[in-house]
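A short write-up of the structure that comes next.
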Amino acid sequence: MNTPRPMHEISSKDHGDRYLAITHEVVNQPPALENYNLYDEDIALQEAVKREGATNAESDLKTFGALTGKATTIDLGFQANNNKPVFNTHDRFGHRIDEVDFHPSYHELMSIAFENGLHSSPWTNPGKGAHVTRAAKYYMHSQVEAAHCCPVTMTFAAIPSIRKQPELATLWESRVLANSYDPRNVPDTEKSSVTIGMAMTEKQGGSDVRANSTMAYPAGNSGPGQAYELIGHKWFVSAPMCDAFLVLAQTSGGLSCFLMPRWRPDGSKNPWQIQRLKNKMGNVANASSEAELRGALAWMIGEEGRGVPTIIEMVAMTRFDCMIGSSAGMRQAVAQASHHCRHRSAFGSRLSDQPLMQNVLADLALENEAALAYTLRIARSLDNQDQEHERLLARLATPVGKYWICKRTPNHAYEAMECIGGSGVMEDCIMPRLFRESPVNAIWEGSGNVQCLDTLRAIHKEPETLEAFFHEASEAKGADRRFDQFLVQLKNDFTDTSGLEYRARNLVDRMALVMQASLLLRNANKTVADAFCASRLQSNGGMNYGNLPSGTDAAAIIKRATPVVG
């Protein structure tokens, strides 16, 4: 009788190849979309950068595109989202510290952003193409991970407001604009680089900041540049580990704007306390918090009682970054979907060659390219604010674009996820993160209704903004019959001033579409422009993605949008 051999001694040779651990060869799966250049593989971005005045930055953008496309950089985004920030109220000795711990990947992403000037470059090196270049970098960087871009944006956007108070700008600006990142929880006087956050909204008011109840009391003299103590609460403090915050609070003269640091000048902790971190659906790598202000020291910025006009300088820039971020989310979704379909076959042919899938992919690519064209056109306006047309255009086109582009992103993310199929729902794919992130920019920094009301406010306060908007859009007159008819109807509808607020969304929808169509007709690939006008300016424009009319060269649009990897 033979003694049975131990299992670890049995080789596959004993039974032929029947019991090999590898049961099958994995085929028909796309390679990972990594180790590619986000700039070189984005034709629409390259063209937009050139036409909006940033040709001189191409070499820099190529280098940054290679960095953001590296597998190791992409992995940082996954790590940062898999490891949420953790809030510690006290240290182990019982001292109140109000400290948020982040995974090292978050800090690495922040370092990349700050070292590449995503928070500073248009302020430190203004001029032709400065905002366009920065927007293009931000567009690529936020495709890697969007949540950490919140403190990057706020630090960038705070400069116009801080400059309202020259003596405070003297103390803070050089450190705000330093191209380095220092995450330490120490007094700002010990740092050569700092970050800036924002604390505007409160429980009872939300977007209605004039309902704020937080009070500011003079510590000595009152007025701009003077020290105050703030008592109250904030329902939403963005990025609570920033070194200072722009805050709205009431004084005897009305709602005013303040700069509130985390530490007092004597090195003691400023008495404002984080209550908890927000438990968010998306944007999870970034910390958002609730806080109570218990006599927190702060300095008034701008005129007393003019807090909203002062901080709106910051808000205008954060809204612009919402446009960039949502456009970037669309681009990453298109890249993922088109890459998958280029490598995946089903029912006997490659997905990207199948007519119905082509209709969907091309439609998604159109949405992205139109959003990018609109966004970088506004970047050019920001580069030329000394020109009245550009100032007026940016004032009106920013709320219009923030409303439309951000609102179009959630369904775009879902459709791209569906193109990938079941694998697109898995957490080891980037699509669930893109989907969770997709509503954030539409809701934050002023929801859709707020943007529409701001559009009407701009037109009412400066009717010239609407003239500038239509002057810009009219540059494409005569290029397409459908566009001309759409433009005339929209202009006519603005002559009816009855019920403007009730009709605001409809008007702003069409303002966005007419501007996107104008830009594509004047500047973009002819196939793209024709498909956009056919699908967005006619009756089927409100249907689901995948409704491009017959005759559209969908294959050409897809080829233009697909990164060539693998």
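Identifiers in this document derive from the order of the structure tokens: chains are assigned A, B, ..., residues are numbered from 1 separately in each chain, and ligands are numbered from 1 in order of occurrence.
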Wanna dump the range 72-143 of chain A-range 172-185 of chain A contacts at 6 Å for me, each residue with its shortest atom pair and the distance in Å to one decimal, counting only C-alpha atoms, ordered by chain and number, as a tab-separated table?
residue	atom	partner	partner_atom	distance
A:Ser111	CA	A:Tyr181	CA	5.4
A:Phe114	CA	A:Asn179	CA	5.2
A:Glu115	CA	A:Asn179	CA	4.7
A:Gly117	CA	A:Asn179	CA	5.7
A:Ser120	CA	A:Leu177	CA	5.1
- Query: So which residues touch Cys419 in chain A within 12 Å, counting only C-alpha atoms, skipping near sequence neighbours fewer than 5 positions away, as an NGL selection string?
  - Reply: :A and (333-342 or 344 or 351-352 or 354 or 356-362 or 364 or 412-414 or 424-425 or 431 or 545-546)
Mind listing the strand (DSSP E or B) residues of range 131-373 of chain A, per DSSP on the backbone, as a compact mmCIF listing (two decimals) with all heavy atoms, in the first residue's frame?
# COMPACT_ATOMS: atom_id res chain seq x y z
N ILE A 196 -4.40 79.49 2.38
CA ILE A 196 -5.55 80.31 2.80
C ILE A 196 -6.84 79.54 2.54
O ILE A 196 -7.03 78.97 1.46
CB ILE A 196 -5.59 81.64 2.04
CG1 ILE A 196 -4.26 82.39 2.19
CG2 ILE A 196 -6.75 82.51 2.54
CD1 ILE A 196 -3.94 82.85 3.60
N GLY A 197 -7.73 79.55 3.53
CA GLY A 197 -9.04 78.93 3.40
C GLY A 197 -10.15 79.97 3.45
O GLY A 197 -9.91 81.18 3.37
N MET A 198 -11.37 79.49 3.63
CA MET A 198 -12.53 80.36 3.59
C MET A 198 -13.57 79.87 4.59
O MET A 198 -13.77 78.66 4.74
CB MET A 198 -13.14 80.37 2.17
CG MET A 198 -14.33 81.28 1.98
SD MET A 198 -15.18 80.97 0.39
CE MET A 198 -13.89 81.37 -0.78
N ALA A 199 -14.23 80.80 5.27
CA ALA A 199 -15.31 80.46 6.21
C ALA A 199 -16.40 81.51 6.07
O ALA A 199 -16.34 82.57 6.69
CB ALA A 199 -14.78 80.40 7.63
N MET A 215 -20.43 87.68 15.21
CA MET A 215 -20.16 89.08 15.51
C MET A 215 -18.66 89.34 15.60
O MET A 215 -17.89 88.47 16.04
CB MET A 215 -20.82 89.50 16.82
CG MET A 215 -22.35 89.41 16.81
SD MET A 215 -23.11 90.49 15.57
CE MET A 215 -22.56 92.11 16.12
N ALA A 216 -18.26 90.54 15.20
CA ALA A 216 -16.87 90.97 15.28
C ALA A 216 -16.79 92.22 16.16
O ALA A 216 -17.49 93.21 15.90
CB ALA A 216 -16.33 91.28 13.89
N TYR A 217 -15.96 92.16 17.20
CA TYR A 217 -15.82 93.27 18.14
C TYR A 217 -14.41 93.83 18.06
O TYR A 217 -13.43 93.07 18.11
CB TYR A 217 -16.11 92.79 19.56
CG TYR A 217 -17.50 92.22 19.72
CD1 TYR A 217 -17.71 90.83 19.67
CD2 TYR A 217 -18.60 93.04 19.92
CE1 TYR A 217 -18.97 90.29 19.81
CE2 TYR A 217 -19.87 92.51 20.08
CZ TYR A 217 -20.06 91.14 20.02
OH TYR A 217 -21.32 90.61 20.16
N PRO A 218 -14.28 95.17 17.96
CA PRO A 218 -12.93 95.76 17.87
C PRO A 218 -12.08 95.43 19.09
O PRO A 218 -12.55 95.52 20.23
CB PRO A 218 -13.20 97.27 17.78
CG PRO A 218 -14.62 97.40 17.36
CD PRO A 218 -15.34 96.20 17.91
N ALA A 227 -7.65 95.14 14.26
CA ALA A 227 -7.87 93.83 14.86
C ALA A 227 -9.26 93.76 15.50
O ALA A 227 -9.71 94.72 16.13
CB ALA A 227 -6.79 93.55 15.91
N TYR A 228 -9.89 92.60 15.36
CA TYR A 228 -11.22 92.34 15.94
C TYR A 228 -11.19 90.96 16.58
O TYR A 228 -10.33 90.12 16.28
CB TYR A 228 -12.30 92.37 14.86
CG TYR A 228 -12.69 93.74 14.38
CD1 TYR A 228 -11.84 94.48 13.57
CD2 TYR A 228 -13.93 94.29 14.72
CE1 TYR A 228 -12.20 95.74 13.11
CE2 TYR A 228 -14.30 95.56 14.26
CZ TYR A 228 -13.44 96.27 13.46
OH TYR A 228 -13.80 97.52 13.01
N GLU A 229 -12.15 90.72 17.45
CA GLU A 229 -12.38 89.39 17.99
C GLU A 229 -13.72 88.88 17.49
O GLU A 229 -14.74 89.58 17.59
CB GLU A 229 -12.33 89.41 19.52
CG GLU A 229 -10.94 89.72 20.05
CD GLU A 229 -10.87 89.67 21.57
OE1 GLU A 229 -11.95 89.67 22.22
OE2 GLU A 229 -9.75 89.64 22.10
N LEU A 230 -13.73 87.67 16.94
CA LEU A 230 -14.92 87.10 16.31
C LEU A 230 -15.55 86.07 17.24
O LEU A 230 -14.86 85.19 17.76
CB LEU A 230 -14.57 86.44 14.98
CG LEU A 230 -13.76 87.27 13.97
CD1 LEU A 230 -13.62 86.53 12.65
CD2 LEU A 230 -14.36 88.65 13.76
N ILE A 231 -16.87 86.19 17.42
CA ILE A 231 -17.61 85.24 18.25
C ILE A 231 -18.80 84.73 17.45
O ILE A 231 -19.62 85.52 16.96
CB ILE A 231 -18.11 85.90 19.55
CG1 ILE A 231 -16.91 86.37 20.39
CG2 ILE A 231 -18.96 84.92 20.36
CD1 ILE A 231 -17.29 87.12 21.64
N GLY A 232 -18.90 83.41 17.30
CA GLY A 232 -20.01 82.83 16.56
C GLY A 232 -19.65 81.45 16.03
O GLY A 232 -18.87 80.73 16.64
N HIS A 233 -20.20 81.10 14.90
CA HIS A 233 -19.95 79.76 14.34
C HIS A 233 -19.85 79.86 12.82
O HIS A 233 -20.28 80.84 12.21
CB HIS A 233 -21.08 78.80 14.70
CG HIS A 233 -22.31 79.00 13.86
ND1 HIS A 233 -23.24 80.00 14.08
CD2 HIS A 233 -22.76 78.32 12.77
CE1 HIS A 233 -24.21 79.92 13.19
NE2 HIS A 233 -23.94 78.91 12.37
N LYS A 234 -19.29 78.82 12.23
CA LYS A 234 -19.27 78.67 10.78
C LYS A 234 -19.67 77.24 10.44
O LYS A 234 -19.12 76.28 10.99
CB LYS A 234 -17.87 78.98 10.20
CG LYS A 234 -17.52 80.46 10.29
CD LYS A 234 -18.44 81.34 9.48
CE LYS A 234 -18.27 82.80 9.77
NZ LYS A 234 -19.22 83.64 9.03
N TRP A 235 -20.63 77.11 9.57
CA TRP A 235 -21.20 75.81 9.19
C TRP A 235 -20.30 75.09 8.20
O TRP A 235 -20.36 73.88 8.06
CB TRP A 235 -22.58 76.05 8.61
CG TRP A 235 -23.41 74.85 8.30
CD1 TRP A 235 -24.03 74.57 7.11
CD2 TRP A 235 -23.78 73.78 9.18
NE1 TRP A 235 -24.75 73.41 7.19
CE2 TRP A 235 -24.62 72.90 8.46
CE3 TRP A 235 -23.48 73.48 10.52
CZ2 TRP A 235 -25.15 71.73 9.02
CZ3 TRP A 235 -24.02 72.32 11.06
CH2 TRP A 235 -24.84 71.46 10.32
N PHE A 236 -19.46 75.86 7.51
CA PHE A 236 -18.60 75.25 6.50
C PHE A 236 -17.27 76.00 6.44
O PHE A 236 -17.20 77.08 5.89
CB PHE A 236 -19.29 75.30 5.13
CG PHE A 236 -19.04 74.08 4.29
CD1 PHE A 236 -19.97 73.06 4.22
CD2 PHE A 236 -17.86 73.94 3.60
CE1 PHE A 236 -19.74 71.92 3.45
CE2 PHE A 236 -17.61 72.81 2.83
CZ PHE A 236 -18.56 71.81 2.76
N VAL A 237 -16.26 75.41 7.04
CA VAL A 237 -14.90 75.93 6.95
C VAL A 237 -14.13 75.04 6.00
O VAL A 237 -13.91 73.86 6.29
CB VAL A 237 -14.21 75.97 8.33
CG1 VAL A 237 -12.78 76.49 8.18
CG2 VAL A 237 -15.00 76.83 9.30
N SER A 238 -13.77 75.59 4.86
CA SER A 238 -13.08 74.78 3.86
C SER A 238 -11.61 74.68 4.20
O SER A 238 -10.95 75.70 4.46
CB SER A 238 -13.26 75.40 2.48
OG SER A 238 -14.61 75.33 2.07
N ALA A 244 -4.64 80.56 7.40
CA ALA A 244 -5.53 81.69 7.67
C ALA A 244 -6.76 81.54 6.78
O ALA A 244 -6.76 80.78 5.81
CB ALA A 244 -4.83 83.02 7.41
N PHE A 245 -7.79 82.30 7.14
CA PHE A 245 -9.08 82.17 6.46
C PHE A 245 -9.69 83.54 6.22
O PHE A 245 -9.56 84.45 7.06
CB PHE A 245 -10.05 81.34 7.31
CG PHE A 245 -9.53 79.99 7.66
CD1 PHE A 245 -8.67 79.82 8.75
CD2 PHE A 245 -9.84 78.88 6.90
CE1 PHE A 245 -8.15 78.58 9.07
CE2 PHE A 245 -9.33 77.62 7.21
CZ PHE A 245 -8.48 77.48 8.30
N LEU A 246 -10.37 83.69 5.10
CA LEU A 246 -11.21 84.85 4.91
C LEU A 246 -12.58 84.52 5.50
O LEU A 246 -13.18 83.49 5.16
CB LEU A 246 -11.34 85.21 3.43
CG LEU A 246 -10.07 85.75 2.76
CD1 LEU A 246 -10.41 86.32 1.38
CD2 LEU A 246 -9.38 86.81 3.60
N VAL A 247 -13.06 85.38 6.38
CA VAL A 247 -14.25 85.12 7.18
C VAL A 247 -15.19 86.31 7.08
O VAL A 247 -14.74 87.47 7.07
CB VAL A 247 -13.87 84.89 8.66
CG1 VAL A 247 -15.09 84.56 9.49
CG2 VAL A 247 -12.84 83.77 8.77
N LEU A 248 -16.49 86.05 7.06
CA LEU A 248 -17.50 87.11 7.12
C LEU A 248 -18.10 87.17 8.51
O LEU A 248 -18.44 86.14 9.10
CB LEU A 248 -18.61 86.86 6.09
CG LEU A 248 -18.22 86.99 4.62
CD1 LEU A 248 -19.42 86.66 3.72
CD2 LEU A 248 -17.69 88.39 4.31
N ALA A 249 -18.22 88.38 9.05
CA ALA A 249 -18.82 88.56 10.38
C ALA A 249 -19.47 89.94 10.44
O ALA A 249 -19.09 90.87 9.71
CB ALA A 249 -17.76 88.41 11.48
N GLN A 250 -20.41 90.09 11.35
CA GLN A 250 -21.15 91.34 11.50
C GLN A 250 -20.41 92.29 12.44
O GLN A 250 -19.88 91.88 13.48
CB GLN A 250 -22.55 91.06 12.08
CG GLN A 250 -23.42 90.12 11.26
CD GLN A 250 -24.03 90.80 10.04
OE1 GLN A 250 -23.83 92.01 9.82
NE2 GLN A 250 -24.80 90.04 9.26
N THR A 251 -20.38 93.56 12.08
CA THR A 251 -19.94 94.64 12.96
C THR A 251 -21.10 95.63 13.10
O THR A 251 -22.16 95.44 12.50
CB THR A 251 -18.72 95.38 12.38
OG1 THR A 251 -19.13 96.12 11.21
CG2 THR A 251 -17.61 94.40 12.00
N GLY A 254 -22.22 96.61 9.76
CA GLY A 254 -22.73 95.63 8.81
C GLY A 254 -21.77 94.49 8.56
O GLY A 254 -20.70 94.39 9.19
N LEU A 255 -22.14 93.62 7.65
CA LEU A 255 -21.34 92.43 7.35
C LEU A 255 -20.00 92.84 6.74
O LEU A 255 -19.95 93.56 5.74
CB LEU A 255 -22.10 91.52 6.38
CG LEU A 255 -21.53 90.12 6.17
CD1 LEU A 255 -21.58 89.31 7.46
CD2 LEU A 255 -22.30 89.40 5.06
N SER A 256 -18.92 92.35 7.34
CA SER A 256 -17.58 92.75 6.93
C SER A 256 -16.70 91.53 6.73
O SER A 256 -17.03 90.42 7.16
CB SER A 256 -16.96 93.68 7.98
OG SER A 256 -17.78 94.81 8.21
N CYS A 257 -15.57 91.73 6.06
CA CYS A 257 -14.64 90.64 5.75
C CYS A 257 -13.41 90.73 6.63
O CYS A 257 -12.89 91.83 6.89
CB CYS A 257 -14.25 90.71 4.27
SG CYS A 257 -13.18 89.36 3.71
N PHE A 258 -12.92 89.57 7.07
CA PHE A 258 -11.77 89.52 7.98
C PHE A 258 -10.79 88.43 7.54
O PHE A 258 -11.18 87.43 6.94
CB PHE A 258 -12.24 89.23 9.41
CG PHE A 258 -13.13 90.29 9.99
CD1 PHE A 258 -14.50 90.25 9.77
CD2 PHE A 258 -12.60 91.33 10.73
CE1 PHE A 258 -15.33 91.23 10.29
CE2 PHE A 258 -13.41 92.31 11.26
CZ PHE A 258 -14.78 92.27 11.04
N LEU A 259 -9.53 88.66 7.89
CA LEU A 259 -8.49 87.63 7.74
C LEU A 259 -8.22 87.06 9.12
O LEU A 259 -7.76 87.76 10.02
CB LEU A 259 -7.21 88.23 7.16
CG LEU A 259 -6.05 87.25 6.96
CD1 LEU A 259 -6.37 86.26 5.85
CD2 LEU A 259 -4.76 87.99 6.64
N MET A 260 -8.52 85.77 9.31
CA MET A 260 -8.41 85.11 10.61
C MET A 260 -7.35 84.01 10.53
O MET A 260 -7.52 83.01 9.85
CB MET A 260 -9.76 84.49 11.00
CG MET A 260 -9.76 83.79 12.35
SD MET A 260 -11.36 82.97 12.69
CE MET A 260 -11.24 81.52 11.60
N PRO A 261 -6.22 84.18 11.25
CA PRO A 261 -5.17 83.15 11.23
C PRO A 261 -5.48 82.01 12.21
O PRO A 261 -6.30 82.16 13.11
CB PRO A 261 -3.92 83.92 11.68
CG PRO A 261 -4.46 84.99 12.58
CD PRO A 261 -5.81 85.37 12.02
N TRP A 263 -3.22 80.82 14.23
CA TRP A 263 -2.44 81.13 15.43
C TRP A 263 -2.40 82.64 15.62
O TRP A 263 -2.43 83.41 14.68
CB TRP A 263 -1.00 80.62 15.28
CG TRP A 263 -0.90 79.13 15.16
CD1 TRP A 263 -1.10 78.38 14.05
CD2 TRP A 263 -0.58 78.21 16.21
NE1 TRP A 263 -0.92 77.04 14.32
CE2 TRP A 263 -0.59 76.91 15.65
CE3 TRP A 263 -0.26 78.35 17.56
CZ2 TRP A 263 -0.31 75.77 16.39
CZ3 TRP A 263 0.02 77.22 18.31
CH2 TRP A 263 0.00 75.94 17.71
N LYS A 269 -2.54 79.54 20.34
CA LYS A 269 -3.58 79.06 19.44
C LYS A 269 -4.72 80.07 19.40
O LYS A 269 -5.22 80.50 20.43
CB LYS A 269 -4.10 77.70 19.91
CG LYS A 269 -5.05 77.05 18.93
CD LYS A 269 -5.52 75.71 19.47
CE LYS A 269 -6.48 75.07 18.50
NZ LYS A 269 -7.65 75.90 18.24
N TRP A 272 -10.45 79.55 17.95
CA TRP A 272 -11.58 79.00 17.19
C TRP A 272 -11.38 77.49 17.14
O TRP A 272 -10.26 77.01 17.02
CB TRP A 272 -11.69 79.63 15.80
CG TRP A 272 -10.55 79.33 14.85
CD1 TRP A 272 -9.38 80.00 14.73
CD2 TRP A 272 -10.51 78.28 13.87
NE1 TRP A 272 -8.59 79.44 13.75
CE2 TRP A 272 -9.28 78.40 13.19
CE3 TRP A 272 -11.39 77.26 13.47
CZ2 TRP A 272 -8.90 77.54 12.17
CZ3 TRP A 272 -11.02 76.41 12.45
CH2 TRP A 272 -9.78 76.54 11.82
N GLN A 273 -12.47 76.78 17.30
CA GLN A 273 -12.38 75.33 17.47
C GLN A 273 -13.20 74.59 16.40
O GLN A 273 -14.35 74.95 16.13
CB GLN A 273 -12.89 74.93 18.86
CG GLN A 273 -12.01 75.44 19.99
CD GLN A 273 -12.50 75.01 21.36
OE1 GLN A 273 -13.58 74.45 21.50
NE2 GLN A 273 -11.71 75.28 22.39
N ILE A 274 -12.55 73.58 15.85
CA ILE A 274 -13.25 72.69 14.91
C ILE A 274 -14.19 71.80 15.71
O ILE A 274 -13.78 71.18 16.69
CB ILE A 274 -12.24 71.85 14.11
CG1 ILE A 274 -11.29 72.74 13.32
CG2 ILE A 274 -12.96 70.88 13.18
CD1 ILE A 274 -10.13 72.01 12.67
N GLN A 275 -15.44 71.72 15.29
CA GLN A 275 -16.41 70.86 15.97
C GLN A 275 -16.36 69.44 15.42
O GLN A 275 -16.39 68.47 16.17
CB GLN A 275 -17.83 71.43 15.81
CG GLN A 275 -17.99 72.84 16.37
CD GLN A 275 -17.53 72.95 17.80
OE1 GLN A 275 -16.47 73.50 18.10
NE2 GLN A 275 -18.29 72.39 18.70
N ARG A 276 -16.30 69.34 14.12
CA ARG A 276 -16.21 68.03 13.48
C ARG A 276 -15.89 68.23 12.01
O ARG A 276 -16.05 69.33 11.46
CB ARG A 276 -17.52 67.25 13.61
CG ARG A 276 -18.73 67.92 12.94
CD ARG A 276 -19.97 67.07 13.02
NE ARG A 276 -21.13 67.77 12.43
CZ ARG A 276 -22.34 67.22 12.30
NH1 ARG A 276 -22.54 65.97 12.71
NH2 ARG A 276 -23.33 67.91 11.77
N LEU A 277 -15.44 67.17 11.34
CA LEU A 277 -15.26 67.18 9.90
C LEU A 277 -16.56 66.77 9.24
O LEU A 277 -17.32 65.94 9.75
CB LEU A 277 -14.14 66.22 9.47
CG LEU A 277 -12.73 66.52 9.99
CD1 LEU A 277 -11.74 65.57 9.32
CD2 LEU A 277 -12.34 67.97 9.77
N SER A 288 -13.31 69.25 5.19
CA SER A 288 -14.21 70.38 5.37
C SER A 288 -14.79 70.25 6.76
O SER A 288 -15.00 69.14 7.26
CB SER A 288 -15.33 70.37 4.32
OG SER A 288 -14.79 70.32 3.02
N SER A 289 -15.08 71.38 7.42
CA SER A 289 -15.39 71.28 8.83
C SER A 289 -16.43 72.30 9.28
O SER A 289 -16.76 73.25 8.55
CB SER A 289 -14.11 71.50 9.66
OG SER A 289 -13.62 72.82 9.45
N GLU A 290 -16.93 72.06 10.49
CA GLU A 290 -17.75 73.02 11.21
C GLU A 290 -16.89 73.59 12.35
O GLU A 290 -16.06 72.87 12.91
CB GLU A 290 -19.00 72.35 11.77
CG GLU A 290 -19.88 71.73 10.71
CD GLU A 290 -20.91 70.77 11.28
OE1 GLU A 290 -21.18 70.84 12.50
OE2 GLU A 290 -21.42 69.93 10.52
N ALA A 291 -17.11 74.84 12.68
CA ALA A 291 -16.24 75.47 13.69
C ALA A 291 -17.02 76.48 14.52
O ALA A 291 -18.01 77.05 14.06
CB ALA A 291 -15.05 76.14 13.03
N GLU A 292 -16.53 76.69 15.72
CA GLU A 292 -17.03 77.75 16.59
C GLU A 292 -15.89 78.73 16.87
O GLU A 292 -14.76 78.32 17.16
CB GLU A 292 -17.58 77.19 17.89
CG GLU A 292 -18.88 76.42 17.69
CD GLU A 292 -19.51 75.96 18.99
OE1 GLU A 292 -18.85 76.07 20.04
OE2 GLU A 292 -20.66 75.47 18.95
N LEU A 293 -16.20 80.02 16.79
CA LEU A 293 -15.23 81.07 17.00
C LEU A 293 -15.46 81.66 18.39
O LEU A 293 -16.53 82.20 18.68
CB LEU A 293 -15.38 82.16 15.93
CG LEU A 293 -14.86 81.84 14.51
CD1 LEU A 293 -15.51 80.60 13.93
CD2 LEU A 293 -15.10 83.02 13.60
N ARG A 294 -14.46 81.57 19.23
CA ARG A 294 -14.60 81.95 20.64
C ARG A 294 -13.68 83.13 20.97
O ARG A 294 -12.79 83.05 21.79
CB ARG A 294 -14.26 80.74 21.52
CG ARG A 294 -15.11 79.50 21.22
CD ARG A 294 -14.61 78.29 21.98
NE ARG A 294 -15.39 77.10 21.66
CZ ARG A 294 -16.51 76.73 22.28
NH1 ARG A 294 -16.98 77.48 23.27
NH2 ARG A 294 -17.14 75.62 21.93
N GLY A 295 -13.93 84.24 20.26
CA GLY A 295 -13.07 85.41 20.41
C GLY A 295 -11.84 85.34 19.54
O GLY A 295 -10.77 85.86 19.90
N ALA A 296 -11.97 84.69 18.36
CA ALA A 296 -10.84 84.52 17.45
C ALA A 296 -10.36 85.86 16.92
O ALA A 296 -11.14 86.69 16.47
CB ALA A 296 -11.23 83.60 16.30
N LEU A 297 -9.06 86.06 16.97
CA LEU A 297 -8.45 87.30 16.50
C LEU A 297 -8.44 87.32 14.98
O LEU A 297 -8.06 86.34 14.33
CB LEU A 297 -7.03 87.42 17.04
CG LEU A 297 -6.28 88.73 16.78
CD1 LEU A 297 -6.98 89.90 17.48
CD2 LEU A 297 -4.83 88.61 17.27
N ALA A 298 -8.85 88.46 14.41
CA ALA A 298 -8.88 88.61 12.96
C ALA A 298 -8.72 90.09 12.61
O ALA A 298 -8.94 90.96 13.45
CB ALA A 298 -10.18 88.06 12.39
N TRP A 299 -8.35 90.37 11.36
CA TRP A 299 -8.14 91.74 10.91
C TRP A 299 -9.09 92.06 9.77
O TRP A 299 -9.25 91.26 8.83
CB TRP A 299 -6.69 91.94 10.46
CG TRP A 299 -5.74 92.04 11.60
CD1 TRP A 299 -5.26 93.16 12.19
CD2 TRP A 299 -5.15 90.95 12.32
NE1 TRP A 299 -4.42 92.86 13.24
CE2 TRP A 299 -4.33 91.49 13.33
CE3 TRP A 299 -5.24 89.54 12.23
CZ2 TRP A 299 -3.61 90.71 14.22
CZ3 TRP A 299 -4.52 88.77 13.12
CH2 TRP A 299 -3.72 89.36 14.10
N MET A 300 -9.73 93.22 9.84
CA MET A 300 -10.69 93.61 8.82
C MET A 300 -9.99 93.89 7.49
O MET A 300 -8.96 94.56 7.44
CB MET A 300 -11.47 94.85 9.26
CG MET A 300 -12.58 95.24 8.27
SD MET A 300 -13.50 96.72 8.76
CE MET A 300 -14.46 96.07 10.13
N ILE A 301 -10.59 93.36 6.43
CA ILE A 301 -10.12 93.60 5.06
C ILE A 301 -11.19 94.40 4.33
O ILE A 301 -12.36 94.02 4.32
CB ILE A 301 -9.86 92.28 4.32
CG1 ILE A 301 -8.71 91.52 4.97
CG2 ILE A 301 -9.55 92.53 2.86
CD1 ILE A 301 -8.42 90.19 4.30
N SER A 345 -13.56 44.67 -27.05
CA SER A 345 -14.43 44.16 -28.11
C SER A 345 -15.64 43.46 -27.51
O SER A 345 -15.56 42.88 -26.41
CB SER A 345 -13.68 43.18 -29.01
OG SER A 345 -12.64 43.83 -29.71
N ALA A 346 -16.75 43.53 -28.22
CA ALA A 346 -17.97 42.83 -27.80
C ALA A 346 -18.83 42.61 -29.04
O ALA A 346 -18.85 43.44 -29.96
CB ALA A 346 -18.73 43.64 -26.76
N SER A 349 -16.97 42.97 -32.56
CA SER A 349 -16.19 44.11 -33.04
C SER A 349 -15.77 45.00 -31.87
O SER A 349 -16.34 44.91 -30.78
CB SER A 349 -16.98 44.94 -34.07
OG SER A 349 -18.13 45.50 -33.47
N ARG A 350 -14.81 45.84 -32.14
CA ARG A 350 -14.33 46.74 -31.11
C ARG A 350 -15.45 47.73 -30.74
O ARG A 350 -16.17 48.24 -31.60
CB ARG A 350 -13.10 47.48 -31.64
CG ARG A 350 -12.24 48.09 -30.59
CD ARG A 350 -10.87 48.47 -31.12
NE ARG A 350 -10.95 49.28 -32.34
CZ ARG A 350 -9.91 49.87 -32.91
NH1 ARG A 350 -8.71 49.70 -32.38
NH2 ARG A 350 -10.05 50.57 -33.99
- Task: Between CA of Leu33 in chain A and CA of Ala531 in chain A, measure the distance and give it in Å to one decimal.
- Result: 27.3 Å
- Item | Residue among A:Leu513, A:Phe470, A:Leu519, A:Lys526 lying closest to Gln538 in chain A, counting only C-alpha atoms |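 Selected residue with least distance to Gln538 in chain A: A:Leu513.
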- Item | Shortest interatomic distance to Ser207 in chain A - which of A:Leu466, A:Leu453, A:Leu490, A:Leu434, counting only C-alpha atoms | A:Leu453
- Nearest candidate to Glu437 in chain A (options A:Ala473, A:Met281, A:Ala458, A:Met543; using only C-alpha atoms):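 Checking each candidate against Glu437 in chain A, we get A:Met281 as the closest.
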- What are the DSSP alpha helix (DSSP H) residues of range 66-299 of chain A, as a ChimeraX atom specification? /A:66-69,71-82,104-115,121-124,130-144,149-162,166-176
- Query: For Ala113 in chain A, which residue out of A:Asn279, A:Cys150, A:Gln79, A:His131 is the nearest one, using only C-alpha atoms?
  - Reply: A:Cys150
- By how many Å are CA of Gln387 in chain A and CA of Ser474 in chain A apart?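 Between CA of Gln387 in chain A and CA of Ser474 in chain A the gap is 18.5 Å.
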- Skipping near chain neighbours, those fewer than 3 positions away, what residues fall within 8 Å of range 37-41 of chain A using only C-alpha atoms, listed as a list in words?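 Contacts, with the query itself left out: Leu45, Gln46, Leu61, Lys62, Phe64, Gly65, Ala66, Leu67, Thr68, Gly69, Lys70, Met140, Thr562, Pro563 and Val564 of chain A.
When CA of Glu304 in chain A is paired with CA of Pro160 in chain A, their separation reads 17.2 Å.
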- Pick from A:Asn286, A:Thr310, A:Ser213, A:Gln385: nearest to Ile162 in chain A, with only C-alpha atoms counted?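 Ranked by minimum distance to Ile162 in chain A, first place goes to A:Thr310.
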